[in-house]
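Enquirer: Here you go, one structure.
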Amino acid sequence: MQVELEDRREAGSITGTIATPVPILGEAAPVVPMAPAPAVASAPAPAAIPAAVPASTLTSASTSASTSASTPVAAPTPALRPLATITPESPAALSTRGLTVTVKHRGVVKTLLDDVGFDVPEQSLVAVIGPSGSGKSTLLRALTGSRPADSGEVRYAGRELCAEYSLLRHRIGLVPQDDVLHAQLTVKAALRYAAALRFPQGTTAEQRERRIDEVLTDLRLTEFEGNKVATLSGGQRKRVSVALELLTKPTVLFLDEPTSGLDPGMDRDVMRMLRCLTDEGRTVLVVTHSVAELQACDLLLVMAPGGGVAYYGPPQEALPFFECETWADVFLAFSCRRGYDWAGAYRSSVYHDTYSATSAVESSGATTLPSPRSSSEDFGPGASRERNAASATVLPIPATAAAGPPKTSAPTSCYSTPRAAQGWGSQLRTLIRRYLAVIAADRGHLWLLAALPMIMGLLSLAIPASSGLAAASGGDTNTDAPTVLLVLAVGACLTGAANAVRELIKERGIYDRERAAGLSRSAYVMSKAIVLGVITATQTIVLSAICLLPRRLPAHGLLISGSAVPELMLAAVLLGVTSMLLGLVVSAVVRTTEKTMPLLVLITIVEVVFCGSLFPLFHSPALEQLAWLSPSRWAVAAEAATINLPTIMGPPQGRTTTDPLWQHSILQWGADIGMLVVLGTACVALVLRLLRRHESSLLRGC
Ligand SMILES: Nc1ncnc2c1ncn2[C@@H]1O[C@H](COP(=O)(O)OP(=O)(O)OP(=O)(O)O)[C@@H](O)[C@H]1O
């Protein structure tokens, strides 16, 4: 193996200088040769290593070419050097033991993670690979608390994730597979809003700007800071996602397939960036499908089908461990030998004893941590570098990382300081500003928002209603008035629900990530309700003005003498806003954006059927009570009360009495309006409840 590595160093600069920082930091990268690999000893054999592939199918590595597939062979026996001596004083950045995740699928219990345990030393870059469905994403979710394991434990610097989640979550950075960025915003604006939401209370705007400039420089994004995220390449977008996470200086950074869909050059670029982030003092764990750049990592975790660990150790020793020449051979072996106990083979190897079984976790959960720092220290100018230099560790470091520039300790002390998150009001203001910026950035959508109520208002004028909403002359009944109210109700419902029905689901990924980073659920929902409420109210006023003003109207309202228009408009606006909140409920229920359109149609039809002006609902058991749940029922009733519809229309066909909810009295009008407010409030409570339902058990408590 030694020879092979030396050959690789000569063959190309990439593999030969894997610990070299690429010029991400804006300076020329010094060429640093790769650290020597651990020496391979000849004896003793630690364990039977899987003859991973049938000889007939695959070509084995030279050391195992003669090995039969069915005969377990002795492993090449490396004299392994522990990556880090993890003691209570210098804990692993991350330790896991016995992580097991099961789900019940169609009555059958399925194990997604099977007794997974490993230690990640501070300042190491760990890649996680494995065949599709082997549990890599499940592992990431268990490590970050977004779906805690059913059993086992995860410790950060000795602190148990489930027990101290509210403390630890601010120190865990996660770059999910899908971009969690508002594509309409510029890079700098996206970072500004994220900083305003995530930085601790008391951080000044100047400190935030300085930190944003730091990460932009570190990730070579300065030249793109004015570009919209949507216009960036996949690799650049991934760098922005990483920048966003780095703003708060997480101690451990997780990335879920950051290179999927990127070309090999981008793949290398991203992996080199991760190498640099590690060399600067962070601990990085990356789930990847790409095996081309594994040399850049300090440790490699290979997941086996069934969710067990098939290998955890130095990447350069993985293929010899599996006795394969290529990763394609290893993955083929995984699929060919379904029943093989890959995890058992690994557990009985020396790699398990060296890289998975030496943890402070096993000895004690209590770790001695350096004294706490203040929150503002985190974000002061150049804080990280100074801090890292000050807390330089004596931990032995991984082979490849050892070849890089002098490394410094990850700031374990930060775990001990709870950070004061931004206040609710501050989060709400930031969220409202960001939402408005996102809406304003989409000119086409803005035009549509403006045009929709005008078009619907003009169309409503096509309804022939010579008496408008007033009493017909000559003692006749006005039977057109209910149709005008119906059209106004449909317009308000459609406007409100259409505004909201996609708004939560389309940014569920962003919300999930921000929620884990400290966002208040209620501030988020209120920001949506306020912005969409104002937009919907404005649209409904325009719609009602066009629909009502050209028509004959009663001279007085119930509350306001001189005009019925303000009362009619108020009912229409409340209907629009309540329907918008109903749209948010739909958006919180569904799991995909596609499902929102059929449900929008359904909401509209339900509101039309139950509005009360299409056919009489009163004194119709069940139907009448069901209609109470429809906002349109109460809005039309309030409008009918204002214009005294029972008198100008008379009893509906086949009935001798009129709708009791339409009674021309201030009390009834107030009750109708009050019910709209109650339904709107119930919708907000339901949205909060539904969002909570999607969250992990750890987040629900925060
Ligand atoms: N809620 C669930 N119910 C049933 N099975 C599930 C559930 N969630 C995940 N799985 C299954 O668990 C296994 C592991 O899924 P996971 O997404 O962690 O795998 P992965 O290694 O990340 O896959 P990929 O590389 O394709 O992303 C898969 O077989 C998946 O179908």
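A note on labels: chains of the structure tokens are A, B, ... as shown, every chain counts residues from 1, and ligands are counted from 1 in their shown order.
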Collect all residues with atoms no farther than 6 Å from ligand 1, counting only C-alpha atoms and all ligand atoms, and output them as an MDAnalysis selection string.
Expert: chainID A and resid 103 105 112 132:138
Enquirer: Write a file of the selected residues as a compact mmCIF listing (two decimals), in the first residue's frame, keeping N, CA and C atoms.
Expert:
```
# COMPACT_ATOMS: atom_id res chain seq x y z
N VAL A 103 -38.34 1.41 11.17
CA VAL A 103 -39.65 1.95 10.80
C VAL A 103 -40.58 0.77 10.54
N HIS A 105 -43.12 -0.52 8.11
CA HIS A 105 -43.57 -0.25 6.74
C HIS A 105 -44.49 -1.38 6.30
N LEU A 112 -33.42 0.56 9.42
CA LEU A 112 -32.73 1.50 8.52
C LEU A 112 -31.29 1.73 8.97
N SER A 132 -27.13 2.83 -2.53
CA SER A 132 -28.40 3.52 -2.35
C SER A 132 -29.28 2.74 -1.38
N GLY A 133 -29.85 3.45 -0.42
CA GLY A 133 -30.73 2.80 0.53
C GLY A 133 -30.02 2.20 1.72
N SER A 134 -28.72 2.43 1.84
CA SER A 134 -27.98 1.83 2.96
C SER A 134 -28.10 2.63 4.24
N GLY A 135 -28.79 3.75 4.19
CA GLY A 135 -29.06 4.48 5.43
C GLY A 135 -28.19 5.70 5.67
N LYS A 136 -27.57 6.22 4.62
CA LYS A 136 -26.66 7.37 4.81
C LYS A 136 -27.45 8.61 5.26
N SER A 137 -28.54 8.88 4.56
CA SER A 137 -29.34 10.06 4.95
C SER A 137 -29.98 9.84 6.31
N THR A 138 -30.39 8.60 6.58
CA THR A 138 -30.97 8.29 7.89
C THR A 138 -29.94 8.55 8.98
```
Enquirer: Got a sec to tell me which of region 216-361 of chain A DSSP assigns to helix (DSSP H, G or I), as a PyMOL selection string?
Expert: chain A and resi 216-218+222-224+229-231+234-246+264-279+294-296+315-322+327-336+342-347+350-355+360-361
Enquirer: Rank nothing, just name the residue among A:Leu431, A:Ala189, A:Cys297, A:Ile505 nearest to Ser522 (chain A), using only C-alpha atoms.
Expert: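 Selected residue with least distance to Ser522 (chain A): A:Leu431.
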Enquirer: Can you tell me how far CA of Trp634 (chain A) sits from CA of Cys611 (chain A), in Å to one decimal?
Expert: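 Separating CA of Trp634 (chain A) from CA of Cys611 (chain A) is a distance of 7.6 Å.
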Enquirer: List the spatial neighbours of Arg237 (chain A) as a JSON list (two decimals) with C-alpha atoms, in the first residue's frame - criterion: any atom at most 8 Å away, only C-alpha atoms, same-chain residues fewer than 5 positions off excluded.
Expert:
```json
[["chain", "number", "residue", "atom", "x", "y", "z"],
["A", 179, "ASP", "CA", -30.54, 23.96, -1.75],
["A", 229, "VAL", "CA", -28.86, 32.66, -6.29],
["A", 232, "LEU", "CA", -25.43, 30.58, -10.02]]
```
Enquirer: Write out as a PyMOL selection string each polymer residue whose atoms come within 12 Å of Cys493 (chain A), counting only C-alpha atoms; drop sequence neighbours fewer than 5 positions from it.
Expert: chain A and resi 453+456+486-488+498-501+536-537+539-540+543+571-583+600-608+611+630-633+635-636
Enquirer: Store the residues picked out above in a file with N, CA and C atoms, as a compact mmCIF listing (two decimals), in the first residue's frame.
Expert:
```
# COMPACT_ATOMS: atom_id res chain seq x y z
N PRO A 453 -57.13 40.68 -9.31
CA PRO A 453 -58.40 41.24 -8.80
C PRO A 453 -59.07 42.17 -9.80
N MET A 456 -60.88 39.89 -12.31
CA MET A 456 -62.08 39.27 -11.71
C MET A 456 -63.16 40.33 -11.45
N LEU A 486 -72.37 36.30 -4.47
CA LEU A 486 -71.69 35.02 -4.74
C LEU A 486 -70.39 35.25 -5.50
N VAL A 487 -70.47 36.06 -6.55
CA VAL A 487 -69.27 36.31 -7.38
C VAL A 487 -68.19 37.03 -6.57
N LEU A 488 -68.61 37.97 -5.76
CA LEU A 488 -67.65 38.68 -4.91
C LEU A 488 -66.99 37.69 -3.93
N ALA A 498 -55.41 31.18 -3.28
CA ALA A 498 -54.36 31.04 -4.30
C ALA A 498 -53.06 31.71 -3.84
N ASN A 499 -53.17 32.79 -3.11
CA ASN A 499 -51.97 33.47 -2.62
C ASN A 499 -51.16 32.58 -1.69
N ALA A 500 -51.84 31.72 -0.92
CA ALA A 500 -51.17 31.05 0.19
C ALA A 500 -50.89 29.57 -0.01
N VAL A 501 -51.59 28.97 -0.96
CA VAL A 501 -51.65 27.51 -0.96
C VAL A 501 -50.27 26.84 -1.20
N THR A 536 -53.50 40.12 0.29
CA THR A 536 -54.87 39.66 0.01
C THR A 536 -55.89 40.76 0.29
N ALA A 537 -55.69 41.49 1.39
CA ALA A 537 -56.63 42.56 1.73
C ALA A 537 -56.64 43.63 0.63
N GLN A 539 -55.79 43.26 -2.51
CA GLN A 539 -56.42 42.71 -3.72
C GLN A 539 -57.95 42.68 -3.56
N THR A 540 -58.41 42.29 -2.37
CA THR A 540 -59.86 42.17 -2.19
C THR A 540 -60.53 43.54 -2.21
N LEU A 543 -60.80 44.38 -5.86
CA LEU A 543 -61.86 43.55 -6.45
C LEU A 543 -63.25 44.07 -6.05
N ALA A 571 -66.27 42.73 5.04
CA ALA A 571 -66.63 41.31 5.00
C ALA A 571 -65.85 40.59 3.90
N ALA A 572 -65.71 41.25 2.74
CA ALA A 572 -64.97 40.63 1.63
C ALA A 572 -63.49 40.46 2.00
N VAL A 573 -62.91 41.47 2.64
CA VAL A 573 -61.50 41.40 3.03
C VAL A 573 -61.29 40.27 4.04
N LEU A 574 -62.20 40.19 5.04
CA LEU A 574 -62.05 39.12 6.03
C LEU A 574 -62.21 37.75 5.39
N LEU A 575 -63.09 37.66 4.40
CA LEU A 575 -63.24 36.38 3.70
C LEU A 575 -61.94 36.04 2.95
N GLY A 576 -61.37 37.04 2.25
CA GLY A 576 -60.11 36.81 1.53
C GLY A 576 -59.01 36.37 2.48
N VAL A 577 -58.90 37.05 3.62
CA VAL A 577 -57.81 36.73 4.57
C VAL A 577 -58.04 35.36 5.20
N THR A 578 -59.28 35.05 5.57
CA THR A 578 -59.55 33.73 6.16
C THR A 578 -59.29 32.63 5.13
N SER A 579 -59.67 32.88 3.88
CA SER A 579 -59.39 31.88 2.84
C SER A 579 -57.88 31.74 2.64
N MET A 580 -57.16 32.85 2.76
CA MET A 580 -55.69 32.78 2.66
C MET A 580 -55.15 31.89 3.78
N LEU A 581 -55.69 32.06 4.99
CA LEU A 581 -55.21 31.24 6.11
C LEU A 581 -55.58 29.77 5.91
N LEU A 582 -56.74 29.54 5.27
CA LEU A 582 -57.12 28.17 4.91
C LEU A 582 -56.12 27.60 3.90
N GLY A 583 -55.70 28.46 2.98
CA GLY A 583 -54.66 28.07 2.01
C GLY A 583 -53.37 27.68 2.72
N LEU A 600 -56.71 23.52 -3.96
CA LEU A 600 -57.19 24.90 -4.14
C LEU A 600 -58.56 24.89 -4.83
N VAL A 601 -58.67 24.03 -5.84
CA VAL A 601 -59.96 23.90 -6.54
C VAL A 601 -61.04 23.43 -5.56
N LEU A 602 -60.67 22.45 -4.73
CA LEU A 602 -61.63 21.90 -3.76
C LEU A 602 -62.10 22.98 -2.77
N ILE A 603 -61.14 23.76 -2.25
CA ILE A 603 -61.51 24.82 -1.29
C ILE A 603 -62.51 25.77 -1.94
N THR A 604 -62.21 26.16 -3.17
CA THR A 604 -63.07 27.13 -3.84
C THR A 604 -64.47 26.57 -4.04
N ILE A 605 -64.53 25.31 -4.47
CA ILE A 605 -65.86 24.71 -4.70
C ILE A 605 -66.64 24.62 -3.40
N VAL A 606 -65.95 24.20 -2.34
CA VAL A 606 -66.62 24.09 -1.03
C VAL A 606 -67.16 25.44 -0.61
N GLU A 607 -66.34 26.49 -0.80
CA GLU A 607 -66.79 27.83 -0.37
C GLU A 607 -67.96 28.32 -1.22
N VAL A 608 -67.98 27.94 -2.48
CA VAL A 608 -69.10 28.35 -3.34
C VAL A 608 -70.38 27.63 -2.88
N CYS A 611 -71.70 28.94 0.58
CA CYS A 611 -71.74 30.38 0.86
C CYS A 611 -73.16 30.83 1.26
N SER A 630 -67.44 26.99 6.72
CA SER A 630 -67.00 27.69 5.50
C SER A 630 -66.98 29.20 5.73
N PRO A 631 -65.83 29.85 5.58
CA PRO A 631 -65.76 31.30 5.78
C PRO A 631 -66.74 32.06 4.90
N SER A 632 -66.98 31.54 3.68
CA SER A 632 -67.86 32.26 2.75
C SER A 632 -69.28 32.37 3.31
N ARG A 633 -69.69 31.37 4.11
CA ARG A 633 -71.04 31.39 4.69
C ARG A 633 -71.21 32.65 5.55
N ALA A 635 -69.20 35.42 5.57
CA ALA A 635 -68.95 36.68 4.86
C ALA A 635 -70.18 37.10 4.06
N VAL A 636 -70.78 36.14 3.35
CA VAL A 636 -71.99 36.45 2.58
C VAL A 636 -73.11 36.86 3.53
```
Enquirer: Quick one: residues within 12 Å of Pro652 (chain A), only C-alpha atoms counted, chain neighbours fewer than 6 positions away excluded, as a list in words?
Expert: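 Non-adjacent residues within range: Thr477, Asn478, Thr479, Pro482, Gly612, Ser613, Leu614, Phe615, Pro616, Leu617, Phe618, Leu645, Pro646, Thr658 and Asp659 of chain A.
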